[in-house]
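Visitor: Here you go, this is run_18.cif (mmCIF, C-alpha atoms and all ligand atoms).
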```cif
data_data
loop_
_atom_site.label_atom_id
_atom_site.label_comp_id
_atom_site.auth_asym_id
_atom_site.auth_seq_id
_atom_site.Cartn_x
_atom_site.Cartn_y
_atom_site.Cartn_z
CA MET X 10 52.04 -155.88 33.57
CA LYS X 11 52.84 -155.12 29.96
CA ASN X 12 49.31 -153.96 29.42
CA HIS X 13 49.42 -151.88 32.53
CA SER X 14 52.62 -150.18 31.42
CA HIS X 15 51.12 -149.54 27.99
CA PHE X 16 48.12 -148.01 29.68
CA ARG X 17 50.36 -145.73 31.74
CA THR X 18 52.21 -144.61 28.60
CA LEU X 19 48.90 -143.86 26.96
CA ASN X 20 47.81 -141.88 29.99
CA LEU X 21 51.03 -139.90 29.94
CA SER X 22 50.66 -139.04 26.28
CA MET X 23 47.04 -138.06 26.91
CA LEU X 24 48.18 -135.90 29.80
CA ILE X 25 50.78 -134.19 27.61
CA THR X 26 48.19 -133.65 24.89
CA PHE X 27 45.85 -132.21 27.48
CA LEU X 28 48.53 -129.92 28.90
CA VAL X 29 49.53 -128.63 25.47
CA PHE X 30 45.87 -128.03 24.72
CA ALA X 31 45.26 -126.32 28.07
CA LEU X 32 48.36 -124.14 27.73
CA GLY X 33 47.27 -123.22 24.24
CA ILE X 34 43.86 -122.19 25.55
CA SER X 35 45.28 -120.19 28.43
CA HIS X 36 47.74 -118.55 26.05
CA SER X 37 44.95 -117.48 23.74
CA MET X 38 42.91 -116.25 26.73
CA ALA X 39 45.91 -114.27 27.93
CA GLY X 40 45.92 -112.65 24.50
CA ILE X 41 42.56 -110.97 25.15
CA ARG X 42 43.45 -109.84 28.66
CA TYR X 43 43.09 -106.12 29.05
CA LYS X 44 46.19 -104.09 29.67
CA THR X 45 45.03 -102.73 32.96
CA PRO X 46 47.53 -101.82 35.67
CA PRO X 47 47.21 -103.76 38.94
CA LEU X 48 44.07 -102.66 40.74
CA LYS X 49 44.22 -100.87 44.05
CA LYS X 50 40.57 -101.71 44.56
CA THR X 51 37.49 -102.63 42.57
CA ILE X 52 36.10 -99.45 41.01
CA GLN X 53 32.49 -98.60 41.82
CA VAL X 54 30.66 -97.41 38.70
CA LEU X 55 27.17 -96.09 38.09
CA MET X 56 26.16 -96.41 34.43
CA VAL X 57 23.12 -94.46 33.24
CA GLY X 58 21.49 -95.37 29.94
CA GLY X 59 18.07 -95.50 28.36
CA GLY X 60 16.25 -93.59 25.65
CA ALA X 61 15.57 -93.87 21.96
CA SER X 62 17.59 -95.10 18.95
CA HIS X 63 19.94 -97.48 20.81
CA ASP X 64 19.76 -100.95 22.30
CA PHE X 65 20.86 -99.88 25.78
CA ASP X 66 19.97 -103.19 27.39
CA ARG X 67 22.12 -105.13 24.98
CA TRP X 68 25.21 -102.94 24.48
CA TYR X 69 25.43 -100.99 27.73
CA LYS X 70 23.61 -102.96 30.43
CA GLY X 71 24.81 -106.16 28.76
CA THR X 72 28.15 -105.84 26.96
CA ASP X 73 29.70 -102.82 28.69
CA VAL X 74 28.81 -104.10 32.15
CA GLU X 75 30.39 -107.45 31.25
CA ILE X 76 33.56 -105.73 30.01
CA LEU X 77 33.89 -103.61 33.13
CA THR X 78 33.14 -106.29 35.69
CA ARG X 79 35.55 -108.84 34.19
CA ASP X 80 38.48 -109.78 36.47
CA GLY X 81 36.96 -107.80 39.35
CA PHE X 82 37.92 -104.56 37.59
CA ALA X 83 34.69 -102.76 38.52
CA ASN X 84 31.34 -103.17 40.19
CA VAL X 85 28.75 -101.64 37.91
CA ARG X 86 25.22 -100.60 38.71
CA TYR X 87 23.25 -99.91 35.53
CA THR X 88 20.10 -97.84 35.56
CA ASP X 89 17.83 -96.26 32.99
CA ASN X 90 15.86 -94.51 35.71
CA THR X 91 17.46 -91.07 35.83
CA ASP X 92 15.56 -90.25 39.04
CA SER X 93 17.67 -92.83 40.88
CA ILE X 94 21.03 -91.21 40.06
CA LYS X 95 21.38 -89.20 43.26
CA ILE X 96 20.67 -92.24 45.43
CA TYR X 97 23.35 -94.41 43.81
CA LEU X 98 25.96 -91.68 43.34
CA LYS X 99 26.80 -91.78 47.03
CA GLU X 100 28.43 -95.17 46.58
CA VAL X 101 30.44 -94.72 43.39
CA ASP X 102 33.86 -93.60 42.14
CA VAL X 103 32.87 -93.02 38.51
CA LEU X 104 29.65 -91.96 36.83
CA TYR X 105 29.35 -93.27 33.27
CA LEU X 106 26.61 -91.40 31.43
CA THR X 107 25.43 -92.83 28.12
CA ASN X 108 21.75 -91.86 28.34
CA ASN X 109 19.77 -90.63 25.35
CA GLN X 110 17.02 -89.30 27.59
CA PRO X 111 16.80 -86.16 29.68
CA ILE X 112 17.69 -85.97 33.34
CA LYS X 113 14.80 -83.71 34.26
CA ASP X 114 14.93 -83.65 38.03
CA VAL X 115 16.83 -80.67 39.43
CA GLY X 116 17.99 -82.67 42.46
CA ASN X 117 19.61 -85.28 40.23
CA ARG X 118 21.26 -82.61 38.10
CA LYS X 119 22.68 -81.00 41.22
CA ALA X 120 23.86 -84.39 42.52
CA ILE X 121 25.83 -84.91 39.27
CA MET X 122 27.44 -81.46 39.50
CA ASP X 123 28.29 -81.96 43.19
CA PHE X 124 29.74 -85.40 42.42
CA VAL X 125 32.02 -84.01 39.72
CA ASN X 126 32.98 -80.92 41.75
CA SER X 127 33.97 -83.20 44.63
CA GLY X 128 36.63 -84.74 42.36
CA LYS X 129 34.92 -88.00 41.42
CA GLY X 130 35.26 -89.35 37.88
CA LEU X 131 32.95 -88.92 34.91
CA VAL X 132 32.84 -90.76 31.58
CA LEU X 133 30.51 -89.47 28.87
CA GLY X 134 29.68 -92.01 26.17
CA HIS X 135 28.10 -91.50 22.75
CA ALA X 136 24.52 -90.20 23.26
CA ALA X 137 25.58 -88.34 26.41
CA LEU X 138 27.78 -86.12 24.21
CA TRP X 139 24.81 -84.73 22.33
CA TYR X 140 23.24 -81.32 22.95
CA ASN X 141 20.21 -82.81 24.67
CA TRP X 142 19.57 -80.12 27.22
CA GLU X 143 17.88 -76.89 26.25
CA ASP X 144 17.21 -76.08 29.90
CA TRP X 145 20.50 -77.37 31.30
CA PRO X 146 23.30 -75.59 29.41
CA GLU X 147 25.75 -76.21 32.30
CA TYR X 148 25.82 -79.88 31.33
CA ASN X 149 27.44 -79.29 27.95
CA LEU X 150 29.38 -76.23 29.04
CA LEU X 151 30.97 -77.56 32.24
CA LEU X 152 30.92 -81.35 31.89
CA ALA X 153 31.38 -81.97 28.15
CA SER X 154 32.84 -78.57 27.20
CA GLY X 155 30.83 -78.84 24.00
CA GLY X 156 28.60 -81.31 22.26
CA SER X 157 27.19 -82.69 19.02
CA ARG X 158 24.20 -81.48 17.06
CA GLY X 159 24.60 -83.89 14.18
CA HIS X 160 26.50 -86.88 12.93
CA GLU X 161 27.61 -88.48 9.71
CA LYS X 162 25.34 -91.21 8.37
CA TYR X 163 26.14 -94.47 10.18
CA GLY X 164 29.09 -96.11 8.46
CA LEU X 165 32.83 -96.71 8.35
CA PHE X 166 35.33 -94.10 9.49
CA ASP X 167 38.81 -93.87 10.98
CA ILE X 168 40.05 -92.91 14.41
CA TYR X 169 43.47 -91.28 14.56
CA VAL X 170 45.16 -91.17 17.94
CA GLU X 171 46.60 -87.73 18.69
CA ASN X 172 48.11 -88.42 22.10
CA LYS X 173 49.38 -91.97 22.41
CA LYS X 174 51.01 -91.28 25.79
CA HIS X 175 47.83 -90.50 27.71
CA PRO X 176 46.77 -93.36 30.05
CA VAL X 177 43.32 -93.46 28.39
CA MET X 178 45.02 -94.47 25.12
CA LYS X 179 47.09 -97.30 26.59
CA GLY X 180 47.01 -100.35 24.30
CA VAL X 181 45.12 -98.43 21.58
CA PRO X 182 46.65 -98.53 18.07
CA LYS X 183 47.64 -95.27 16.35
CA LYS X 184 44.77 -95.72 13.91
CA PHE X 185 41.71 -97.94 13.79
CA THR X 186 38.57 -98.18 11.72
CA LEU X 187 35.03 -98.92 12.82
CA LYS X 188 31.38 -98.62 11.89
CA ASP X 189 29.59 -96.07 14.04
CA GLU X 190 28.08 -92.60 13.91
CA LEU X 191 30.79 -90.00 13.39
CA TYR X 192 29.66 -87.31 15.80
CA TYR X 193 30.20 -83.70 14.81
CA PHE X 194 31.46 -82.90 18.29
CA LYS X 195 32.32 -79.23 18.67
CA VAL X 196 34.28 -77.79 21.55
CA ASP X 197 32.60 -74.81 23.22
CA PRO X 198 35.34 -72.21 23.78
CA ALA X 199 33.36 -70.84 26.75
CA GLY X 200 33.61 -74.21 28.53
CA ASN X 201 36.47 -75.85 30.40
CA GLY X 202 38.20 -76.86 27.17
CA VAL X 203 39.32 -80.32 26.11
CA GLU X 204 42.51 -82.18 25.37
CA VAL X 205 41.87 -84.21 22.22
CA LEU X 206 43.23 -87.75 22.45
CA ALA X 207 41.83 -89.03 19.14
CA LEU X 208 40.07 -87.60 16.10
CA ALA X 209 37.37 -89.23 14.00
CA MET X 210 37.37 -88.65 10.26
CA THR X 211 36.33 -90.09 6.95
CA LYS X 212 38.27 -89.46 3.75
CA GLU X 213 35.98 -86.50 3.06
CA SER X 214 35.44 -85.03 6.53
CA VAL X 215 37.61 -82.89 8.75
CA GLY X 216 38.57 -84.39 12.11
CA PHE X 217 36.18 -84.22 15.05
CA PRO X 218 37.19 -84.92 18.66
CA SER X 219 36.24 -88.52 19.30
CA ILE X 220 38.13 -89.39 22.47
CA PHE X 221 39.07 -86.50 24.73
CA VAL X 222 39.65 -85.31 28.25
CA VAL X 223 37.71 -82.32 29.59
CA ASN X 224 39.90 -79.88 31.52
CA HIS X 225 37.69 -79.76 34.59
CA PRO X 226 39.30 -78.05 37.61
CA ASN X 227 38.37 -80.81 40.08
CA SER X 228 37.40 -83.97 38.24
CA ARG X 229 38.80 -86.27 35.62
CA ILE X 230 36.34 -86.39 32.73
CA VAL X 231 36.64 -88.50 29.57
CA GLY X 232 34.42 -88.22 26.50
CA ILE X 233 34.07 -91.11 24.03
CA THR X 234 31.75 -90.28 21.14
CA LEU X 235 31.73 -93.90 19.91
CA GLY X 236 29.24 -96.58 20.94
CA HIS X 237 26.15 -96.61 18.74
CA ASP X 238 25.86 -100.41 18.56
CA GLY X 239 27.73 -103.72 18.57
CA GLU X 240 30.13 -102.61 15.83
CA SER X 241 31.90 -100.58 18.52
CA HIS X 242 31.02 -102.40 21.76
CA ASN X 243 32.28 -105.69 20.34
CA LEU X 244 35.65 -104.24 19.31
CA GLU X 245 38.60 -105.03 21.57
CA VAL X 246 39.91 -101.49 21.09
CA TYR X 247 36.62 -99.98 22.28
CA ARG X 248 36.64 -102.29 25.31
CA GLN X 249 40.20 -101.31 26.13
CA LEU X 250 39.32 -97.63 25.82
CA LEU X 251 36.33 -97.97 28.10
CA ARG X 252 38.31 -99.73 30.81
CA ASN X 253 41.12 -97.19 30.48
CA ALA X 254 38.65 -94.32 30.80
CA ILE X 255 37.01 -95.79 33.89
CA SER X 256 40.39 -96.55 35.48
CA TRP X 257 41.86 -93.10 34.77
CA THR X 258 38.79 -91.15 35.91
CA ALA X 259 38.71 -93.25 39.09
CA LYS X 260 42.33 -92.10 39.65
CA GLN X 261 43.52 -95.70 39.79
ZN ZN X 301 23.86 -93.49 18.22
#
```
Will you turn the file into structure tokens for me?

Guide:
Amino acid sequence: MKNHSHFRTLNLSMLITFLVFALGISHSMAGIRYKTPPLKKTIQVLMVGGGASHDFDRWYKGTDVEILTRDGFANVRYTDNTDSIKIYLKEVDVLYLTNNQPIKDVGNRKAIMDFVNSGKGLVLGHAALWYNWEDWPEYNLLLASGGSRGHEKYGLFDIYVENKKHPVMKGVPKKFTLKDELYYFKVDPAGNGVEVLALAMTKESVGFPSIFVVNHPNSRIVGITLGHDGESHNLEVYRQLLRNAISWTAKQ
């Protein structure tokens, strides 16, 4: 009986230890929860990647898809086959373009324009904010309202938030530093215009729009020039920004 009681006491102390441990774990997990408002529904996303100079499979198809699908936030279809865009667009709320390869097919280009003109959301990440399209000027003019033709050598720079109140910047600190390519993004005054949410700059450089909203008449469009490799995709602040951008463009 004495032994039995001792055993029970031991069990109780083990249980308490376990509970403290489990609560500690869940507390630390809660710490990395994304500050996303309650979802009305799971957001349907088509992510388009592929092309040179970047590990699309690892950082976009892998990491970004994992970030966006966590907690049932989004369903994401990733493709690096640009000819399949128009087929998948029918089912999605947000198109997330990150591709560093041309979308050559006229039907797919038209499908993107129709999608955006119908009021659906668009997020343009990193390589998709380049001037890649000699024969498709409408892309940069109407969707990005500008573009990049160069970038600073890969390295450390700072991001300064200009509009902390915008929903895309929710949970993002006023300033953060990362290793990436500082895109020389220039706004085309002939385009729809942008609202700059954050500027990228080194100690030497002037500020370039790094996170911004394009003033499209029908659609919500967000540009994020960051995302060259794991130095951005693995940052909590980048992950928060991406989820914010998808949520806001989906009008959630
Ligand atoms: Zn890059």

Visitor: I'd like the interatomic distance between CA of Phe194 (chain X) and CA of Leu150 (chain X), to a tenth of an Å.

Guide: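 The value is 12.8 Å.
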
Visitor: Compute the distance from (28.4, -88.0, 51.3) to each atom, counting all atoms listed in the file, keep the residues with any atom at most 10 Å away, and return them as an MDAnalysis selection string; use the coordinates of the file.

Guide: chainID X and resid 98:100 124 127

Visitor: For the selection you just gave me, I'd like the residues written to a file as a CSV table (one decimal), in the frame of the given file, keeping C-alpha atoms.

Guide:
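Below you can see result.csv, which holds the result:
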```csv
chain,number,residue,atom,x,y,z
X,98,LEU,CA,26.0,-91.7,43.3
X,99,LYS,CA,26.8,-91.8,47.0
X,100,GLU,CA,28.4,-95.2,46.6
X,124,PHE,CA,29.7,-85.4,42.4
X,127,SER,CA,34.0,-83.2,44.6
```

Visitor: Could you pull the residues within 6 Å of Asp189 (chain X), counting all atoms listed in the file, minus those fewer than 4 positions along the same chain, as JSON, numbers by chain?

Guide: {"X": [163, 164, 237]}

Visitor: Set the cut-off to 8 Å, count all atoms listed in the file, and list whatever residues fall near ligand ZN 301 (chain X) as a list in words.

Guide: Ser62, His63, His135, Ala136, Asp189, Glu190, Gly236, His237 and Asp238 of chain X

Visitor: Suppose we keep C-alpha atoms; can you now write the selection as a CSV table (one decimal), in the frame of the given file?

Guide:
```csv
chain,number,residue,atom,x,y,z
X,62,SER,CA,17.6,-95.1,19.0
X,63,HIS,CA,19.9,-97.5,20.8
X,135,HIS,CA,28.1,-91.5,22.8
X,136,ALA,CA,24.5,-90.2,23.3
X,189,ASP,CA,29.6,-96.1,14.0
X,190,GLU,CA,28.1,-92.6,13.9
X,236,GLY,CA,29.2,-96.6,20.9
X,237,HIS,CA,26.2,-96.6,18.7
X,238,ASP,CA,25.9,-100.4,18.6
```

Visitor: Tell me which of X:Lys113, X:Leu206, X:Gly59, X:Glu147 sits closest to Tyr169 (chain X), counting all atoms listed in the file.

Guide: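 Smallest separation from Tyr169 (chain X) among the options: X:Leu206.
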
Visitor: What would the list of residues within 8 Å of (41.2, -91.3, 33.8) (file frame) look like as a PyMOL selection string, if all atoms listed in the file are what count?

Guide: chain X and resi 130+176-177+229-231+253-261

Visitor: Work out how far CA of Asn126 (chain X) is from CA of Leu152 (chain X), in Å to one decimal.

Guide: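 About the pair CA of Leu152 (chain X) and CA of Asn126 (chain X): they are 10.1 Å apart.
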
Visitor: Could you please determine the separation between CA of Asp66 (chain X) and CA of His160 (chain X) in Å, to one decimal place?

Guide: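 Taking CA of Asp66 (chain X) and CA of His160 (chain X), their separation equals 22.8 Å.
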
Visitor: At a cut-off of 9 Å, using only C-alpha atoms, what residues contact Ile233 (chain X)? Leave out same-chain residues fewer than 5 positions from it and give the result as a list in words.

Guide: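 The contact residues come out as Val132, Leu133, Gly134, His135, Leu138, Pro218, Ser219, Ile220, Phe221, Leu250, Leu251 and Ala254 of chain X.
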